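K.L.:
Next up, start22.txt (compact mmCIF, C-alpha atoms).
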```txt
# COMPACT_ATOMS: atom_id res chain seq x y z
CA MET A 618 49.72 60.54 95.30
CA ARG A 619 46.26 62.01 94.83
CA ARG A 620 46.25 65.82 94.82
CA PRO A 621 43.59 67.69 96.87
CA SER A 622 40.71 69.15 94.92
CA LEU A 623 40.55 72.86 94.15
CA ALA A 624 37.49 73.19 96.41
CA LEU A 625 39.34 71.69 99.36
CA ALA A 626 42.34 73.90 98.73
CA LEU A 627 40.17 77.02 98.66
CA LEU A 628 38.39 75.92 101.82
CA ALA A 629 41.72 75.49 103.58
CA MET A 630 42.69 79.03 102.58
CA LEU A 631 39.46 80.51 103.93
CA LEU A 632 39.49 78.73 107.25
CA PRO A 633 41.58 80.44 109.95
CA GLY A 634 44.40 78.33 111.23
CA PRO A 635 45.22 77.78 114.90
CA THR A 636 47.78 80.60 114.83
CA PHE A 637 45.44 83.13 113.13
CA ALA A 638 45.72 85.79 115.86
CA GLU A 639 48.88 84.62 117.56
CA ASP A 640 51.11 87.04 115.67
CA TYR A 641 48.63 89.91 115.96
CA PRO A 642 49.63 92.65 116.18
CA ASN A 643 52.92 92.54 114.33
CA ARG A 644 53.08 96.24 113.40
CA ALA A 645 51.93 99.65 114.61
CA MET A 646 48.22 100.24 115.28
CA THR A 647 46.12 103.38 114.96
CA LEU A 648 43.66 104.45 117.65
CA VAL A 649 41.33 107.13 116.27
CA VAL A 650 40.06 109.74 118.73
CA PRO A 651 37.27 111.62 116.92
CA PHE A 652 37.81 114.87 118.85
CA THR A 653 40.47 117.55 119.05
CA ALA A 654 43.73 117.09 120.89
CA GLY A 655 43.86 118.34 124.47
CA GLY A 656 40.34 117.39 125.57
CA ILE A 657 39.23 114.63 127.91
CA ALA A 658 38.52 112.21 125.05
CA ASP A 659 42.03 112.76 123.71
CA ALA A 660 43.63 112.40 127.14
CA GLY A 661 41.76 109.18 127.85
CA GLY A 662 42.54 107.85 124.40
CA ARG A 663 46.24 108.42 124.95
CA VAL A 664 46.17 106.65 128.31
CA VAL A 665 44.45 103.67 126.69
CA ALA A 666 46.84 103.73 123.71
CA LYS A 667 49.90 103.69 125.96
CA ALA A 668 48.53 100.77 128.01
CA LEU A 669 47.54 98.83 124.88
CA SER A 670 50.98 99.36 123.40
CA SER A 671 52.64 98.04 126.55
CA LEU A 672 50.44 94.94 126.68
CA LEU A 673 50.49 94.15 122.95
CA GLY A 674 54.14 94.96 122.33
CA GLN A 675 53.50 97.25 119.36
CA PRO A 676 53.15 101.05 118.99
CA VAL A 677 49.56 102.31 119.26
CA VAL A 678 49.42 105.73 117.63
CA VAL A 679 46.62 108.14 118.54
CA GLU A 680 45.19 109.97 115.53
CA ASN A 681 42.82 112.86 116.18
CA LYS A 682 40.15 113.12 113.49
CA ALA A 683 37.80 115.77 114.82
CA GLY A 684 34.62 117.07 113.24
CA ALA A 685 30.83 116.84 113.38
CA GLY A 686 30.75 115.57 116.95
CA GLY A 687 32.82 112.49 116.15
CA ILE A 688 31.30 111.63 112.77
CA VAL A 689 34.49 112.39 110.81
CA GLY A 690 36.57 109.98 112.87
CA ALA A 691 33.84 107.34 112.88
CA GLU A 692 33.56 107.47 109.08
CA PHE A 693 37.31 106.96 108.80
CA VAL A 694 37.28 103.83 110.97
CA ALA A 695 34.07 102.46 109.43
CA ASN A 696 35.84 102.49 106.05
CA ALA A 697 39.16 101.16 107.35
CA LYS A 698 40.42 97.67 106.59
CA PRO A 699 38.92 95.30 109.20
CA ASP A 700 42.24 93.82 110.28
CA GLY A 701 42.48 95.08 113.86
CA TYR A 702 45.02 97.79 113.08
CA THR A 703 42.59 100.72 113.03
CA LEU A 704 40.35 101.15 116.07
CA LEU A 705 37.95 103.81 117.34
CA ILE A 706 37.44 105.32 120.78
CA ALA A 707 33.72 106.05 120.55
CA SER A 708 31.21 107.83 122.77
CA ASN A 709 27.43 108.16 122.94
CA GLY A 710 26.88 110.12 119.76
CA VAL A 711 28.76 107.89 117.35
CA ALA A 712 27.82 104.61 119.03
CA VAL A 713 24.14 105.24 119.69
CA THR A 714 22.57 108.68 119.23
CA TYR A 715 23.29 109.90 115.71
CA PRO A 716 21.00 107.50 113.80
CA PHE A 717 18.10 109.10 115.69
CA LEU A 718 19.19 112.63 114.78
CA TYR A 719 20.47 112.45 111.21
CA LYS A 720 18.38 111.15 108.32
CA LYS A 721 21.41 110.71 106.05
CA LEU A 722 24.14 109.43 108.35
CA SER A 723 27.05 107.96 106.38
CA PHE A 724 27.42 104.94 108.64
CA ASP A 725 25.29 102.63 110.78
CA PRO A 726 26.85 102.00 114.22
CA GLN A 727 25.23 98.57 114.45
CA LYS A 728 26.33 97.46 110.98
CA ASN A 729 29.67 99.19 110.50
CA PHE A 730 31.30 98.53 113.87
CA THR A 731 32.05 95.57 116.09
CA ALA A 732 32.03 96.01 119.85
CA VAL A 733 35.41 95.29 121.46
CA HIS A 734 35.18 96.42 125.10
CA GLY A 735 33.82 99.17 127.29
CA ILE A 736 36.28 101.57 128.93
CA SER A 737 34.55 104.10 131.19
CA ILE A 738 31.29 105.79 132.10
CA SER A 739 31.38 109.41 133.27
CA PRO A 740 28.46 111.57 134.47
CA LEU A 741 28.29 115.09 133.05
CA MET A 742 28.08 118.36 134.96
CA ILE A 743 27.23 121.96 134.15
CA ALA A 744 29.13 125.02 135.27
CA VAL A 745 29.11 128.79 134.91
CA ARG A 746 31.84 131.39 135.38
CA ALA A 747 32.29 132.63 138.94
CA SER A 748 31.54 136.15 137.71
CA ALA A 749 28.09 135.19 136.35
CA SER A 750 25.08 136.83 138.01
CA TYR A 751 23.51 133.41 138.62
CA LYS A 752 25.32 131.39 141.31
CA THR A 753 23.03 128.34 141.59
CA LEU A 754 20.98 126.18 139.23
CA PRO A 755 17.66 127.77 140.36
CA GLU A 756 19.13 131.21 139.68
CA LEU A 757 20.33 130.13 136.22
CA ILE A 758 16.89 128.73 135.38
CA ALA A 759 15.19 131.92 136.62
CA TYR A 760 17.51 134.03 134.46
CA ALA A 761 16.91 131.80 131.42
CA LYS A 762 13.15 132.11 131.85
CA LYS A 763 13.38 135.88 131.86
CA ASN A 764 15.79 135.87 128.89
CA PRO A 765 14.61 133.19 126.42
CA GLY A 766 17.37 132.03 124.07
CA LYS A 767 19.97 134.44 125.44
CA VAL A 768 21.78 131.89 127.58
CA ASN A 769 24.05 129.72 125.44
CA TYR A 770 25.77 126.47 126.32
CA ALA A 771 28.69 124.61 124.79
CA THR A 772 28.62 121.00 123.59
CA VAL A 773 31.06 118.78 121.71
CA GLY A 774 28.54 118.37 118.91
CA GLN A 775 24.93 117.92 117.90
CA GLY A 776 23.61 114.69 119.42
CA SER A 777 26.41 114.32 121.94
CA ALA A 778 25.68 113.43 125.57
CA HIS A 779 26.43 117.08 126.37
CA HIS A 780 23.68 118.13 123.94
CA MET A 781 21.23 115.61 125.43
CA LEU A 782 21.81 117.03 128.90
CA GLY A 783 21.15 120.56 127.67
CA GLU A 784 17.97 119.54 125.88
CA LEU A 785 16.61 117.53 128.82
CA LEU A 786 17.27 120.37 131.24
CA GLN A 787 15.50 122.85 128.98
CA LYS A 788 12.54 120.51 128.61
CA GLU A 789 12.17 119.87 132.35
CA ALA A 790 12.83 123.46 133.42
CA GLY A 791 10.66 125.01 130.71
CA VAL A 792 13.38 127.30 129.39
CA THR A 793 15.00 127.99 126.03
CA MET A 794 18.78 128.12 125.73
CA THR A 795 21.02 128.15 122.66
CA GLN A 796 23.38 125.28 121.90
CA ILE A 797 26.83 126.15 120.54
CA PRO A 798 28.47 122.97 119.18
CA TYR A 799 32.26 122.64 119.09
CA LYS A 800 34.68 120.10 117.63
CA GLY A 801 36.05 119.38 121.09
CA ALA A 802 36.26 120.55 124.68
CA THR A 803 39.46 122.59 124.29
CA PRO A 804 38.06 125.32 122.00
CA ALA A 805 34.80 125.28 123.96
CA PHE A 806 36.65 125.96 127.22
CA THR A 807 38.62 128.78 125.60
CA ASP A 808 35.38 130.53 124.67
CA PHE A 809 33.74 129.69 128.00
CA LEU A 810 36.54 131.22 130.06
CA GLY A 811 36.73 134.12 127.61
CA GLY A 812 33.09 135.03 128.18
CA VAL A 813 31.70 133.88 124.82
CA ILE A 814 29.89 130.88 126.32
CA ASP A 815 27.58 131.19 129.35
CA VAL A 816 27.21 127.56 130.42
CA MET A 817 29.75 124.76 130.10
CA ILE A 818 28.75 121.10 130.05
CA ASP A 819 31.60 118.71 130.70
CA TYR A 820 33.16 116.19 133.07
CA GLN A 821 34.52 116.49 136.58
CA LEU A 822 38.06 116.14 135.21
CA GLN A 823 37.76 119.36 133.21
CA LEU A 824 35.69 121.34 135.69
CA ALA A 825 37.16 120.48 139.11
CA PRO A 826 40.50 122.35 138.78
CA LEU A 827 38.69 125.51 137.68
CA VAL A 828 36.17 125.16 140.52
CA GLU A 829 39.03 124.78 143.01
CA ALA A 830 40.75 127.82 141.50
CA GLY A 831 37.59 129.87 142.01
CA LYS A 832 37.16 130.62 138.30
CA ILE A 833 33.90 128.73 137.78
CA ARG A 834 30.97 127.28 139.73
CA ALA A 835 29.61 123.77 139.20
CA LEU A 836 25.81 123.88 139.47
CA GLY A 837 24.76 120.28 139.04
CA VAL A 838 25.84 116.74 138.20
CA ALA A 839 23.71 114.50 135.97
CA ALA A 840 24.03 111.39 138.14
CA ALA A 841 21.80 109.54 140.61
CA GLU A 842 24.19 110.42 143.45
CA ARG A 843 26.73 113.14 144.14
CA LEU A 844 30.29 112.48 142.98
CA PRO A 845 32.63 111.39 145.80
CA THR A 846 35.28 113.60 144.20
CA MET A 847 33.00 116.70 144.28
CA PRO A 848 30.52 116.08 147.12
CA ASP A 849 29.42 119.73 147.36
CA VAL A 850 27.86 119.71 143.89
CA PRO A 851 24.17 118.66 144.03
CA THR A 852 22.63 116.36 141.45
CA PHE A 853 19.96 117.58 139.06
CA VAL A 854 17.63 114.98 140.56
CA GLU A 855 17.83 116.44 144.05
CA GLN A 856 17.21 119.89 142.55
CA GLY A 857 13.93 118.70 141.02
CA TYR A 858 14.96 117.61 137.50
CA LYS A 859 14.46 113.86 137.68
CA SER A 860 15.08 112.98 134.03
CA VAL A 861 18.42 114.80 133.81
CA LEU A 862 20.58 111.70 134.24
CA VAL A 863 23.18 111.77 131.50
CA SER A 864 26.52 109.99 131.45
CA ALA A 865 28.98 109.78 128.59
CA TYR A 866 30.75 106.52 127.96
CA SER A 867 33.99 105.69 126.23
CA ILE A 868 34.17 102.39 124.37
CA LEU A 869 36.48 100.63 121.93
CA LEU A 870 35.09 99.68 118.51
CA ALA A 871 36.60 97.96 115.47
CA PRO A 872 35.42 98.00 111.85
CA SER A 873 32.75 95.42 111.11
CA GLY A 874 34.26 92.27 109.67
CA THR A 875 37.29 92.25 111.93
CA PRO A 876 38.09 88.56 112.56
CA GLN A 877 36.69 87.24 115.83
CA PRO A 878 40.05 85.94 117.11
CA ILE A 879 41.42 89.50 116.86
CA ILE A 880 38.34 90.95 118.59
CA ASP A 881 38.75 88.39 121.37
CA LYS A 882 42.45 89.22 121.79
CA LEU A 883 41.76 92.94 121.90
CA ALA A 884 38.90 92.48 124.38
CA ALA A 885 41.07 90.37 126.68
CA THR A 886 43.84 92.97 126.48
CA VAL A 887 41.48 95.85 127.35
CA GLY A 888 40.09 93.75 130.22
CA ASP A 889 43.64 93.40 131.55
CA LEU A 890 44.49 97.08 131.23
CA LEU A 891 41.33 98.08 133.14
CA LYS A 892 42.71 96.13 136.13
CA ASP A 893 45.95 98.11 136.12
CA PRO A 894 46.13 100.18 139.36
CA ALA A 895 47.36 103.21 137.41
CA ILE A 896 44.35 103.02 135.06
CA VAL A 897 41.97 102.51 138.00
CA LYS A 898 43.40 105.60 139.70
CA TYR A 899 43.38 107.67 136.50
CA TYR A 900 39.66 107.16 135.91
CA GLY A 901 38.73 107.16 139.60
CA ASP A 902 40.30 110.57 140.07
CA ARG A 903 38.11 111.81 137.25
CA GLY A 904 34.83 110.57 138.72
CA SER A 905 34.51 107.82 136.10
CA ARG A 906 33.47 104.19 136.53
CA LEU A 907 35.42 101.56 134.64
CA MET A 908 33.48 99.19 132.37
CA THR A 909 35.45 96.16 133.51
CA ASP A 910 32.75 93.60 132.69
CA TYR A 911 31.76 94.97 129.29
CA LYS A 912 33.26 92.38 126.94
CA PRO A 913 32.01 92.22 123.31
CA SER A 914 28.69 90.49 124.03
CA GLU A 915 28.01 92.53 127.18
CA LEU A 916 28.93 95.78 125.43
CA THR A 917 26.65 94.92 122.51
CA ALA A 918 23.75 94.31 124.91
CA PHE A 919 24.54 97.56 126.73
CA LEU A 920 24.47 99.53 123.47
CA ASP A 921 21.16 97.94 122.47
CA GLU A 922 19.66 99.07 125.77
CA GLU A 923 21.19 102.53 125.38
CA ARG A 924 19.50 102.87 121.99
CA LYS A 925 16.12 102.24 123.59
CA LYS A 926 16.78 104.81 126.33
CA THR A 927 18.22 107.34 123.89
CA LYS A 928 15.22 107.10 121.59
CA GLN A 929 12.96 107.84 124.55
CA MET A 930 15.24 110.68 125.70
CA ILE A 931 15.21 112.31 122.26
CA GLU A 932 11.43 112.03 122.09
CA GLN A 933 11.21 113.72 125.52
CA SER A 934 13.52 116.52 124.43
CA GLY A 935 11.51 117.23 121.29
CA LEU A 936 14.53 117.07 118.96
CA GLN A 937 13.71 116.26 115.33
CA PRO A 938 15.98 114.37 112.87
CA GLU A 939 17.79 116.62 110.42
```
Kindly return the structure encoded in the file as structure tokens.

P.N.:
Amino acid sequence: MRRPSLALALLAMLLPGPTFAEDYPNRAMTLVVPFTAGGIADAGGRVVAKALSSLLGQPVVVENKAGAGGIVGAEFVANAKPDGYTLLIASNGVAVTYPFLYKKLSFDPQKNFTAVHGISISPLMIAVRASASYKTLPELIAYAKKNPGKVNYATVGQGSAHHMLGELLQKEAGVTMTQIPYKGATPAFTDFLGGVIDVMIDYQLQLAPLVEAGKIRALGVAAAERLPTMPDVPTFVEQGYKSVLVSAYSILLAPSGTPQPIIDKLAATVGDLLKDPAIVKYYGDRGSRLMTDYKPSELTAFLDEERKKTKQMIEQSGLQPE
């Protein structure tokens, strides 16, 4: 019998067989959350990890790798083996913004990651302590104008959506405030409630309980319309700041080079978990919109459009690459 040539044998080894992704995953997976434990990114990541584990039949372990606004965690996943076992929960900074802000970024979001599926989009809000002398956004702006640079605000890192909101508001209002970047929301909230930070930028999930408890005041939401969950909080738009429309999104990324059958399986699984009534309620209660239709191709197109808008936003804010 004639033996197959070496070339044909090698070709057969390289081509994926019909069962290439059928046994995936067959061991534990790691979901990297690039922020500290206890914050909204961590909480959402753990909800997603639990649902993924249930649907895929394997443990999905959340690993917090905080630092530099998500860069530390992103670097880890960008350098991970592209086999579908190490994934990243990414947000605006890592996925879109940082290439416009850092001249020597260690990774390229477009080259080093593959889009898997969108998860949620959440508008940001700003709040102050109830004891602050300024009780409304106009009063805060008036105070900031009289005290240039003395009002500080917390973000989860340079180039984050939180930072963009702060910069856009300063630009439109004609004021100067000081950004204080943190590794995550938990330490930022500790300092905010302790009086170290004047203005907190975060999501409805984090702010609403403190508003209801009378500890803080929410002054504005960076959305086109008021949140159904907090209808008394006016938008920045209706208060005269038309460009202050900033939402943070949570998306699932895999290292570039991850086989397409695995990407497709992961995307289908995330699509299924976003239909789960418990997941729908979890994000709905937090004022977030689920990205149910953002499969790999749709998510890639969305990120391309976000890069165009972010470039324009950064130019408007006057930020310069470091």

K.L.:
So that I can see what lies close to range 749-762 of chain A, please list as JSON, numbers by chain the residues with an atom at most 8 Å from it, counting all atoms listed in the file and leaving out residues fewer than 5 positions away in the same chain.

P.N.:
{"A": [767, 768, 790, 791, 792, 793, 794, 834, 836, 837]}

K.L.:
One decimal, Å: what's the distance from CA of Gly801 in chain A over to CA of Phe919 in chain A, could you say?

P.N.:
25.3 Å

K.L.:
Using Å and a single decimal, report how far CA of Thr703 in chain A sits from CA of Gly774 in chain A.

P.N.:
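These atoms are spaced 23.3 Å apart.
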
K.L.:
Select, from A:Gly655, A:Ala841, A:Ile688, A:Lys667, the residue with the minimum atom-to-atom distance to Ile896 in chain A, counting all atoms listed in the file.

P.N.:
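Of A:Gly655, A:Ala841, A:Ile688, A:Lys667, the one nearest Ile896 in chain A is A:Lys667, counting all atoms listed in the file.
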
K.L.:
Counting all atoms listed in the file, select every polymer residue within 9 Å of (30.3, 103.8, 120.7) as defined in the file's coordinates, and provide the selection as a tab-separated table (two decimals) with C-alpha atoms, in the frame of the given file.

P.N.:
```
chain	number	residue	atom	x	y	z
A	705	LEU	CA	37.95	103.81	117.34
A	706	ILE	CA	37.44	105.32	120.78
A	707	ALA	CA	33.72	106.05	120.55
A	708	SER	CA	31.21	107.83	122.77
A	709	ASN	CA	27.43	108.16	122.94
A	710	GLY	CA	26.88	110.12	119.76
A	711	VAL	CA	28.76	107.89	117.35
A	712	ALA	CA	27.82	104.61	119.03
A	713	VAL	CA	24.14	105.24	119.69
A	726	PRO	CA	26.85	102.00	114.22
A	730	PHE	CA	31.30	98.53	113.87
A	732	ALA	CA	32.03	96.01	119.85
A	735	GLY	CA	33.82	99.17	127.29
A	866	TYR	CA	30.75	106.52	127.96
A	867	SER	CA	33.99	105.69	126.23
A	868	ILE	CA	34.17	102.39	124.37
A	869	LEU	CA	36.48	100.63	121.93
A	870	LEU	CA	35.09	99.68	118.51
A	920	LEU	CA	24.47	99.53	123.47
```

K.L.:
Using only C-alpha atoms, which of A:Ile879, A:Val897, A:Ala884, A:Leu669 sits nearest Asp700 in chain A?

P.N.:
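Among A:Ile879, A:Val897, A:Ala884, A:Leu669, it is A:Ile879 that comes nearest to Asp700 in chain A.
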
K.L.:
May I have the residues within 12 Å of Glu692 in chain A as a list in words, using all atoms listed in the file and disregarding those fewer than 3 positions away in the same chain?

P.N.:
Val649, Val650, Pro651, Lys682, Ala683, Gly684, Ala685, Gly686, Gly687, Ile688, Val689, Ala695, Asn696, Ala697, Thr703, Leu704, Leu705, Ala707, Val711, Ala712, Leu722, Ser723, Phe724, Asp725, Pro726, Asn729, Phe730, Ala871 and Pro872 of chain A

K.L.:
To one decimal place in Å, what is the distance between CA of Lys788 in chain A and CA of Tyr820 in chain A?

P.N.:
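It comes out at 21.5 Å.
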
K.L.:
Point out the residue among A:Leu648, A:Met742, A:Val677, A:Val665 with the least atom-to-atom distance to Ala691 in chain A, counting all atoms listed in the file.

P.N.:
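Using all atoms listed in the file, Ala691 in chain A sits closest to A:Leu648.
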
K.L.:
Of the residues A:Val813, A:Ala825, A:Leu862, A:Met930, which is the one nearest to Met847 in chain A, using only C-alpha atoms?

P.N.:
A:Ala825

K.L.:
For Tyr719 in chain A, list every protein, DNA or RNA residue within 9 Å, evaluated using only C-alpha atoms, and leave out those in the same chain fewer than 6 positions away; present the list as a list of chain:residue names.

P.N.:
A:Gln937, A:Pro938, A:Glu939

K.L.:
For Leu810 in chain A, which residue among A:Ser748, A:Gln787, A:Thr909, A:Thr917 is the nearest when counting all atoms listed in the file?

P.N.:
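Ranking A:Ser748, A:Gln787, A:Thr909, A:Thr917 by distance to Leu810 in chain A, first place goes to A:Ser748.
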
K.L.:
Which residue, A:Ala840, A:Leu718, A:Ala645, A:Val733, has the smallest gap to Val887 in chain A when you use all atoms listed in the file?

P.N.:
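Nearest to Val887 in chain A: A:Val733.
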
K.L.:
Find the residues near Ala747 in chain A: any atom within 7 Å, counting only C-alpha atoms, skip ones fewer than 4 places away on the same chain, and give them as a PyMOL selection string.

P.N.:
chain A and resi 831-834

K.L.:
Do a neighbour search on range 738-741 of chain A at 9 Å with all atoms listed in the file, toss out local chain neighbours closer than 4 positions, and write the hits as a PyMOL selection string.

P.N.:
chain A and resi 778-779+782+818-821+837-840+844+862-868+900+903-908
